[in-house]
$ cat work38.csv   # CSV, C-alpha atoms and all ligand atoms
chain,number,residue,atom,x,y,z
A,110,MET,CA,130.9,-18.1,103.0
A,111,PHE,CA,129.5,-19.6,106.2
A,112,GLU,CA,130.8,-17.5,109.1
A,113,SER,CA,129.3,-18.5,112.5
A,114,GLU,CA,126.0,-19.7,111.0
A,115,ASN,CA,123.6,-22.4,112.0
A,116,ILE,CA,122.5,-25.4,109.9
A,117,TYR,CA,119.4,-23.6,108.6
A,118,THR,CA,121.2,-20.5,107.4
A,119,MET,CA,124.1,-22.5,106.0
A,120,LEU,CA,121.7,-24.5,103.9
A,121,LYS,CA,119.9,-21.4,102.7
A,122,THR,CA,123.2,-19.7,101.8
A,123,ALA,CA,124.5,-22.8,100.0
A,124,GLU,CA,121.2,-23.3,98.1
A,125,ILE,CA,121.1,-19.7,96.9
A,126,PHE,CA,124.8,-19.9,95.8
A,127,LEU,CA,124.3,-23.2,93.9
A,128,GLU,CA,121.2,-21.8,92.2
A,129,SER,CA,123.1,-18.8,91.1
A,130,LYS,CA,125.6,-21.2,89.4
A,131,GLY,CA,122.7,-22.8,87.5
A,132,LEU,CA,122.3,-26.0,89.4
A,133,PHE,CA,118.7,-27.3,89.2
A,134,ASP,CA,118.9,-29.4,92.4
A,135,ALA,CA,120.5,-26.8,94.6
A,136,LYS,CA,118.4,-27.6,97.7
A,137,PRO,CA,118.9,-31.4,97.8
A,138,ASP,CA,122.5,-31.0,96.8
A,139,ALA,CA,123.1,-28.5,99.7
A,140,GLU,CA,121.4,-30.9,102.1
A,141,VAL,CA,123.2,-34.1,101.0
A,142,LEU,CA,126.6,-32.3,101.2
A,143,LEU,CA,125.9,-30.9,104.7
A,144,SER,CA,124.6,-34.2,106.0
A,145,SER,CA,127.8,-35.8,104.7
A,146,VAL,CA,130.0,-33.2,106.4
A,147,LEU,CA,128.1,-33.5,109.7
A,148,LYS,CA,127.9,-37.3,109.4
A,149,ILE,CA,124.2,-37.3,110.1
A,150,LYS,CA,121.2,-38.5,108.1
A,151,ARG,CA,119.7,-35.9,105.8
A,152,SER,CA,116.3,-36.4,107.5
A,153,LYS,CA,117.9,-35.1,110.7
A,154,LEU,CA,118.8,-31.6,109.3
A,155,PRO,CA,115.4,-30.0,110.1
A,156,ILE,CA,115.5,-31.1,113.7
A,157,LEU,CA,119.0,-29.7,114.1
A,158,ARG,CA,118.4,-26.5,112.2
A,159,SER,CA,119.6,-24.2,115.0
A,160,LYS,CA,122.8,-26.1,115.8
A,161,LYS,CA,126.0,-24.4,114.9
A,162,PRO,CA,128.6,-26.6,113.1
A,163,THR,CA,132.3,-26.3,114.1
A,164,ASP,CA,134.7,-24.1,112.2
A,165,ILE,CA,136.2,-27.2,110.6
A,166,GLN,CA,132.8,-28.5,109.5
A,167,ARG,CA,131.9,-25.0,108.0
A,168,SER,CA,135.1,-24.8,106.0
A,169,ARG,CA,134.7,-28.4,104.8
A,170,TYR,CA,131.2,-27.6,103.7
A,171,GLU,CA,132.3,-24.5,101.9
A,172,HIS,CA,134.9,-26.6,100.0
A,173,TYR,CA,132.2,-29.1,99.1
A,174,ILE,CA,129.8,-26.4,97.9
A,175,LEU,CA,132.5,-24.8,95.8
A,176,ARG,CA,133.3,-28.2,94.2
A,177,ARG,CA,129.6,-28.8,93.5
A,178,SER,CA,129.2,-25.3,92.0
A,179,LYS,CA,131.8,-26.4,89.4
A,180,ARG,CA,129.5,-29.3,88.6
A,181,GLU,CA,131.6,-32.0,90.2
A,182,PRO,CA,129.2,-35.0,90.9
A,183,ILE,CA,128.1,-35.3,94.5
A,184,ALA,CA,129.3,-39.0,94.6
A,185,TYR,CA,132.9,-37.9,94.0
A,186,ILE,CA,132.7,-35.1,96.6
A,187,ILE,CA,131.4,-37.4,99.3
A,188,GLY,CA,133.3,-40.4,98.1
A,189,PHE,CA,130.5,-42.9,97.7
A,190,ALA,CA,127.4,-43.8,95.7
A,191,SER,CA,124.3,-45.9,96.6
A,192,PHE,CA,123.4,-48.7,94.3
A,193,MET,CA,120.7,-51.3,94.9
A,194,TYR,CA,120.8,-51.8,98.7
A,195,PHE,CA,124.5,-51.1,99.1
A,196,GLU,CA,127.1,-48.3,99.3
A,197,PHE,CA,130.1,-48.2,96.9
A,198,LYS,CA,133.3,-46.2,97.3
A,199,VAL,CA,133.9,-44.1,94.3
A,200,ASN,CA,136.7,-41.7,93.1
A,201,LYS,CA,137.7,-40.2,89.8
A,202,ASP,CA,139.1,-43.6,88.7
A,203,VAL,CA,135.7,-45.2,88.5
A,204,PHE,CA,132.4,-44.6,86.8
A,205,ILE,CA,129.6,-43.7,89.3
A,206,PRO,CA,127.0,-46.5,89.4
A,207,ARG,CA,123.7,-45.4,87.8
A,208,PRO,CA,120.1,-46.3,88.7
A,209,GLU,CA,119.5,-47.8,85.2
A,210,THR,CA,122.3,-50.4,85.8
A,211,GLU,CA,120.1,-51.7,88.6
A,212,ILE,CA,117.9,-53.1,85.9
A,213,LEU,CA,120.9,-55.0,84.5
A,214,VAL,CA,121.5,-56.6,88.0
A,215,GLU,CA,117.8,-57.4,88.4
A,216,SER,CA,117.7,-59.1,85.0
A,217,VAL,CA,120.6,-61.3,85.9
A,218,LEU,CA,119.0,-62.1,89.2
A,219,GLU,CA,115.8,-63.0,87.5
A,220,PHE,CA,117.7,-65.3,85.1
A,221,SER,CA,119.6,-67.0,87.8
A,222,LYS,CA,116.6,-67.6,90.1
A,223,GLY,CA,116.1,-71.3,90.7
A,224,LYS,CA,119.4,-72.2,89.0
A,225,ASN,CA,122.0,-74.0,90.9
A,226,LYS,CA,124.9,-71.5,91.4
A,227,CYS,CA,125.7,-69.9,88.1
A,228,SER,CA,129.2,-68.8,87.3
A,229,LEU,CA,129.6,-65.1,86.4
A,230,LEU,CA,132.0,-62.9,84.5
A,231,ASP,CA,131.5,-59.1,84.9
A,232,LEU,CA,133.4,-57.3,82.2
A,233,CYS,CA,134.1,-53.6,82.4
A,234,ALA,CA,133.4,-53.8,86.1
A,235,GLY,CA,134.5,-50.3,87.3
A,236,SER,CA,133.5,-49.9,91.0
A,237,GLY,CA,132.4,-53.6,91.0
A,238,CYS,CA,128.8,-52.6,91.8
A,239,ILE,CA,127.2,-55.2,89.5
A,240,ALA,CA,129.2,-58.2,90.6
A,241,VAL,CA,129.1,-57.2,94.3
A,242,CYS,CA,125.3,-56.9,94.2
A,243,LEU,CA,125.0,-60.2,92.4
A,244,GLU,CA,127.3,-61.9,94.9
A,245,LYS,CA,125.2,-60.5,97.8
A,246,LEU,CA,121.7,-61.0,96.3
A,247,GLY,CA,122.0,-64.1,94.1
A,248,ARG,CA,123.4,-67.6,94.4
A,249,PHE,CA,126.5,-67.4,92.2
A,250,ARG,CA,129.8,-69.2,92.4
A,251,ASN,CA,133.0,-68.5,90.5
A,252,ILE,CA,132.5,-64.8,90.1
A,253,VAL,CA,135.2,-63.0,88.1
A,254,VAL,CA,135.4,-59.2,88.0
A,255,SER,CA,137.5,-57.6,85.3
A,256,ASP,CA,138.4,-54.2,84.1
A,257,ILE,CA,141.2,-52.7,82.0
A,258,SER,CA,141.9,-50.1,84.6
A,259,PRO,CA,144.2,-51.2,87.5
A,260,ASN,CA,142.9,-48.3,89.6
A,261,ALA,CA,139.3,-49.5,89.0
A,262,ILE,CA,140.3,-53.0,90.1
A,263,ILE,CA,141.7,-51.6,93.4
A,264,ILE,CA,138.4,-49.8,94.1
A,265,ALA,CA,136.3,-52.8,93.1
A,266,LYS,CA,138.3,-55.0,95.5
A,267,GLU,CA,137.7,-52.4,98.3
A,268,ASN,CA,134.0,-52.4,97.5
A,269,ALA,CA,133.8,-56.2,97.7
A,270,GLN,CA,135.5,-55.9,101.2
A,271,ILE,CA,133.3,-53.1,102.3
A,272,ASN,CA,130.2,-55.1,101.4
A,273,SER,CA,131.5,-58.4,102.6
A,274,ALA,CA,131.2,-59.9,99.1
A,275,LEU,CA,134.2,-62.2,99.5
A,276,ASN,CA,133.7,-64.8,96.8
A,277,ILE,CA,135.0,-62.8,93.9
A,278,ASP,CA,138.2,-63.0,91.8
A,279,PHE,CA,139.6,-59.9,90.2
A,280,ILE,CA,141.5,-59.7,86.9
A,281,GLU,CA,142.9,-56.8,85.1
A,282,SER,CA,141.9,-57.5,81.5
A,283,ASP,CA,141.3,-55.8,78.2
A,284,ILE,CA,137.9,-57.4,77.7
A,285,PHE,CA,138.7,-61.1,77.4
A,286,SER,CA,142.5,-60.8,77.0
A,287,ASN,CA,143.4,-62.2,80.5
A,288,ILE,CA,140.4,-64.3,81.2
A,289,SER,CA,142.3,-67.5,80.5
A,290,ASP,CA,140.3,-70.6,79.7
A,291,LYS,CA,137.4,-70.3,82.1
A,292,VAL,CA,133.8,-70.6,81.0
A,293,PHE,CA,130.8,-69.0,82.5
A,294,ASP,CA,127.0,-69.3,82.7
A,295,VAL,CA,126.6,-65.5,82.6
A,296,ILE,CA,128.7,-62.7,81.1
A,297,VAL,CA,127.5,-59.3,82.2
A,298,ALA,CA,128.8,-56.0,81.0
A,299,ASN,CA,128.0,-52.3,81.2
A,300,PRO,CA,130.7,-51.3,78.7
A,301,PRO,CA,131.7,-47.8,77.6
A,302,TYR,CA,129.1,-46.9,74.9
A,303,VAL,CA,129.0,-43.1,74.3
A,304,SER,CA,130.2,-42.1,70.8
A,305,TYR,CA,132.7,-39.2,70.5
A,306,GLU,CA,129.9,-37.1,69.0
A,307,GLU,CA,127.5,-37.8,71.9
A,308,TYR,CA,130.3,-37.1,74.4
A,309,LYS,CA,130.6,-33.5,73.2
A,310,PHE,CA,127.0,-32.9,74.4
A,311,LEU,CA,127.1,-34.6,77.8
A,312,GLU,CA,126.3,-32.7,81.0
A,313,PRO,CA,129.4,-31.1,82.7
A,314,GLU,CA,129.2,-33.6,85.5
A,315,LEU,CA,130.0,-36.5,83.2
A,316,LYS,CA,133.3,-34.8,82.2
A,317,TYR,CA,134.6,-35.6,85.7
A,318,GLU,CA,134.2,-39.3,85.1
A,319,PRO,CA,137.1,-41.3,83.4
A,320,GLN,CA,136.7,-40.8,79.6
A,321,ASN,CA,137.6,-44.4,78.9
A,322,ALA,CA,134.6,-45.5,81.1
A,323,LEU,CA,132.2,-43.6,78.8
A,324,VAL,CA,133.5,-43.3,75.3
A,325,ALA,CA,133.7,-46.1,72.7
A,326,ARG,CA,135.1,-45.9,69.2
A,327,ASP,CA,133.1,-47.1,66.2
A,328,ASN,CA,130.2,-44.7,67.0
A,329,GLY,CA,129.8,-46.2,70.5
A,330,LEU,CA,129.6,-49.8,69.2
A,331,PHE,CA,133.3,-50.9,69.7
A,332,PHE,CA,132.8,-52.8,72.9
A,333,TYR,CA,129.6,-54.5,71.9
A,334,LYS,CA,131.4,-55.9,68.8
A,335,LYS,CA,134.4,-56.9,71.0
A,336,ILE,CA,132.2,-58.7,73.5
A,337,VAL,CA,130.2,-60.5,70.8
A,338,ALA,CA,133.4,-61.5,69.0
A,339,GLY,CA,134.9,-63.1,72.1
A,340,ALA,CA,132.0,-64.2,74.3
A,341,ASP,CA,131.4,-67.5,72.6
A,342,LYS,CA,134.6,-69.0,73.8
A,343,TYR,CA,133.9,-68.0,77.5
A,344,LEU,CA,130.2,-69.0,77.6
A,345,LYS,CA,129.0,-72.4,78.7
A,346,LYS,CA,126.4,-74.2,76.6
A,347,ASP,CA,123.2,-72.3,77.2
A,348,GLY,CA,125.3,-69.4,78.6
A,349,VAL,CA,123.8,-65.9,78.4
A,350,VAL,CA,125.2,-62.4,77.8
A,351,PHE,CA,123.6,-59.4,79.5
A,352,VAL,CA,124.7,-56.0,78.4
A,353,GLU,CA,123.6,-52.5,79.2
A,354,LEU,CA,122.6,-50.6,76.0
A,355,ASN,CA,123.2,-47.3,74.6
A,356,ALA,CA,119.5,-46.6,74.1
A,357,ASN,CA,120.1,-44.6,70.9
A,358,LYS,CA,121.8,-47.6,69.3
A,359,ALA,CA,119.7,-50.5,70.6
A,360,GLU,CA,118.7,-51.8,67.2
A,361,SER,CA,122.2,-51.7,65.8
A,362,ILE,CA,123.5,-53.6,68.9
A,363,LYS,CA,120.7,-56.2,68.6
A,364,LEU,CA,121.8,-56.7,65.0
A,365,ILE,CA,125.4,-57.2,66.0
A,366,PHE,CA,124.3,-60.1,68.3
A,367,LEU,CA,121.8,-61.6,65.8
A,368,SER,CA,124.3,-61.5,62.9
A,369,ASN,CA,126.8,-63.3,65.0
A,370,GLY,CA,124.5,-66.3,65.6
A,371,TYR,CA,123.0,-65.3,69.0
A,372,LYS,CA,119.4,-66.3,69.4
A,373,ASP,CA,116.6,-65.2,71.7
A,374,VAL,CA,117.8,-61.7,71.7
A,375,GLU,CA,115.6,-59.7,74.1
A,376,ILE,CA,115.6,-56.1,74.9
A,377,ILE,CA,114.3,-54.7,78.3
A,378,LYS,CA,113.3,-51.1,78.7
A,379,ASP,CA,114.1,-48.8,81.6
A,380,TYR,CA,111.7,-46.8,83.6
A,381,ALA,CA,111.9,-44.0,81.1
A,382,GLY,CA,110.8,-46.4,78.4
A,383,LEU,CA,114.3,-46.5,76.8
A,384,SER,CA,115.8,-49.7,75.5
A,385,ARG,CA,118.3,-50.4,78.2
A,386,ILE,CA,119.3,-54.0,78.6
A,387,LEU,CA,120.0,-56.7,76.0
A,388,ILE,CA,119.9,-60.4,76.8
A,389,ALA,CA,121.3,-62.8,74.3
A,390,ARG,CA,121.7,-66.6,74.4
A,391,LYS,CA,124.6,-68.4,72.9
A,392,ARG,CA,124.4,-70.0,69.4
A,393,HIS,CA,124.4,-73.8,69.2
B,401,LIG,C1,130.4,-47.5,82.0
B,401,LIG,S1,131.7,-48.1,83.1
B,401,LIG,C2,130.9,-49.4,83.9
B,401,LIG,C3,131.3,-49.6,85.3
B,401,LIG,C4,130.4,-50.5,86.2
B,401,LIG,N1,130.3,-51.8,85.6
B,401,LIG,C5,129.1,-49.8,86.3
B,401,LIG,O1,128.1,-50.3,85.7
B,401,LIG,O2,128.9,-48.9,87.1
B,401,LIG,C6,132.8,-49.0,81.9
B,401,LIG,C7,134.1,-49.6,82.5
B,401,LIG,O3,134.8,-50.2,81.4
B,401,LIG,C8,136.1,-50.2,81.6
B,401,LIG,N2,136.9,-50.4,80.3
B,401,LIG,C9,137.1,-49.4,79.4
B,401,LIG,N3,137.8,-50.0,78.4
B,401,LIG,C10,138.0,-51.4,78.7
B,401,LIG,C11,138.6,-52.5,78.1
B,401,LIG,N4,139.2,-52.4,76.9
B,401,LIG,N5,138.5,-53.7,78.7
B,401,LIG,C12,137.9,-53.8,79.9
B,401,LIG,N6,137.3,-52.8,80.6
B,401,LIG,C13,137.3,-51.6,80.0
B,401,LIG,C14,136.3,-48.8,82.2
B,401,LIG,O4,137.6,-48.8,83.0
B,401,LIG,C15,135.1,-48.7,83.1
B,401,LIG,O5,135.4,-49.1,84.4
$ encode --input "work38.csv" --output "structure tokens"
Amino acid sequence: MFESENIYTMLKTAEIFLESKGLFDAKPDAEVLLSSVLKIKRSKLPILRSKKPTDIQRSRYEHYILRRSKREPIAYIIGFASFMYFEFKVNKDVFIPRPETEILVESVLEFSKGKNKCSLLDLCAGSGCIAVCLEKLGRFRNIVVSDISPNAIIIAKENAQINSALNIDFIESDIFSNISDKVFDVIVANPPYVSYEEYKFLEPELKYEPQNALVARDNGLFFYKKIVAGADKYLKKDGVVFVELNANKAESIKLIFLSNGYKDVEIIKDYAGLSRILIARKRH
């Protein structure tokens, strides 16, 4: 596809090819992938436009562009995703961190501001992005990261190392099954919340992500019910639960918390105006 071309012509060829495959963001995608292959900042591409990449770089770029043309997410192709101020290693064993989850992190940071070292349990941790950011940006102690997937735990541990977030314990656990008898000030979770019906209509990119990171039984409500059923035992007095919401089911999820004795149930909207985060205080 890219025989003896320079950066400018390679980008144009890739953009036209990706557009022909129906990708809306063909230009930025082509640029991000080339800057990853060349190991340079994307902003440097225009300055280097007449430079000719090596044969190895050209064939790697072709491979990346072919993968993207099949709708594989960029984060899996380049092997990392940006979240808050940090970079996270990702592969097909973990869900790619999303911008809306940054609101979950910010909400927990806001809650913990001025408090003396909160303890934290991150359920359904995936890449570990939530707990790693909280360890770096907040004043937490006793941070526990858990996930049912052993491969996700491996990646979460790597991400903690990469970002020097060293005060975190990792536990493979089906929600609370292995959490033992610890109690926490904060339980945070971005659980799988897509119903089987919703899953059928998701973008092709999402089909590359682990299905068990996305889909939940009981019309997407399974994990909210499981968290509510168990959280009481793992929360300190005045402990708080923060969950990311399936925006289509926000009212049903709120009802699950309220009908289980949680009070001060608050919903925070995302930048698109969708109900995205739920904060619930423990019953007394
Ligand atoms: C939507 S992803 C969230 C990942 C990460 N917290 C984030 O926000 O990017 C949901 C995660 O839940 C995990 N998971 C699925 N079923 C689980 C279970 N029964 N117990 C614990 N974790 C589970 C998946 O492995 C996946 O990592």
$ closest_atom_pairs --input "work38.csv" --of "range 167-224 of chain A" --to "range 135-144 of chain A" --cutoff "8 Å" --atoms "only C-alpha atoms" --output "Markdown table"
| residue | atom | partner | partner_atom | distance |
| --- | --- | --- | --- | --- |
| A:Tyr170 | CA | A:Leu143 | CA | 6.3 |
| A:Tyr173 | CA | A:Leu142 | CA | 6.8 |
| A:Ile174 | CA | A:Ala139 | CA | 7.2 |
| A:Ile183 | CA | A:Asp138 | CA | 7.4 |
| A:Ile187 | CA | A:Leu142 | CA | 7.3 |
$ closest_residue --input "work38.csv" --among "A:Leu315, A:Met110, A:Ile296, A:Leu323" --to "ligand LIG 401 (chain B)" --atoms "all atoms listed in the file"
A:Leu323
$ atom_distance --input "work38.csv" --atom1 "CA of Val297 in chain A" --atom2 "CA of Tyr194 in chain A"
19.3 Å
$ residues_near_ligand --input "work38.csv" --ligand "ligand LIG 401 (chain B)" --cutoff "7 Å" --atoms "all atoms listed in the file" --output "ChimeraX atom specification"
/A:203-207,210,232-239,255-258,261,282-284,298-301,321-323
$ residues_around --input "work38.csv" --residues "Asp379 in chain A" --least-positions-apart "5" --cutoff "12 Å" --atoms "only C-alpha atoms" --output "PyMOL selection string"
chain A and resi 207-213+215-216+353-356+384-387
$ residues_around --input "work38.csv" --residues "Asn268 in chain A" --least-positions-apart "6" --cutoff "12 Å" --atoms "only C-alpha atoms" --output "PyMOL selection string"
chain A and resi 189-192+195-200+203+234-242+244-245+254+261-262+274-275+277+279
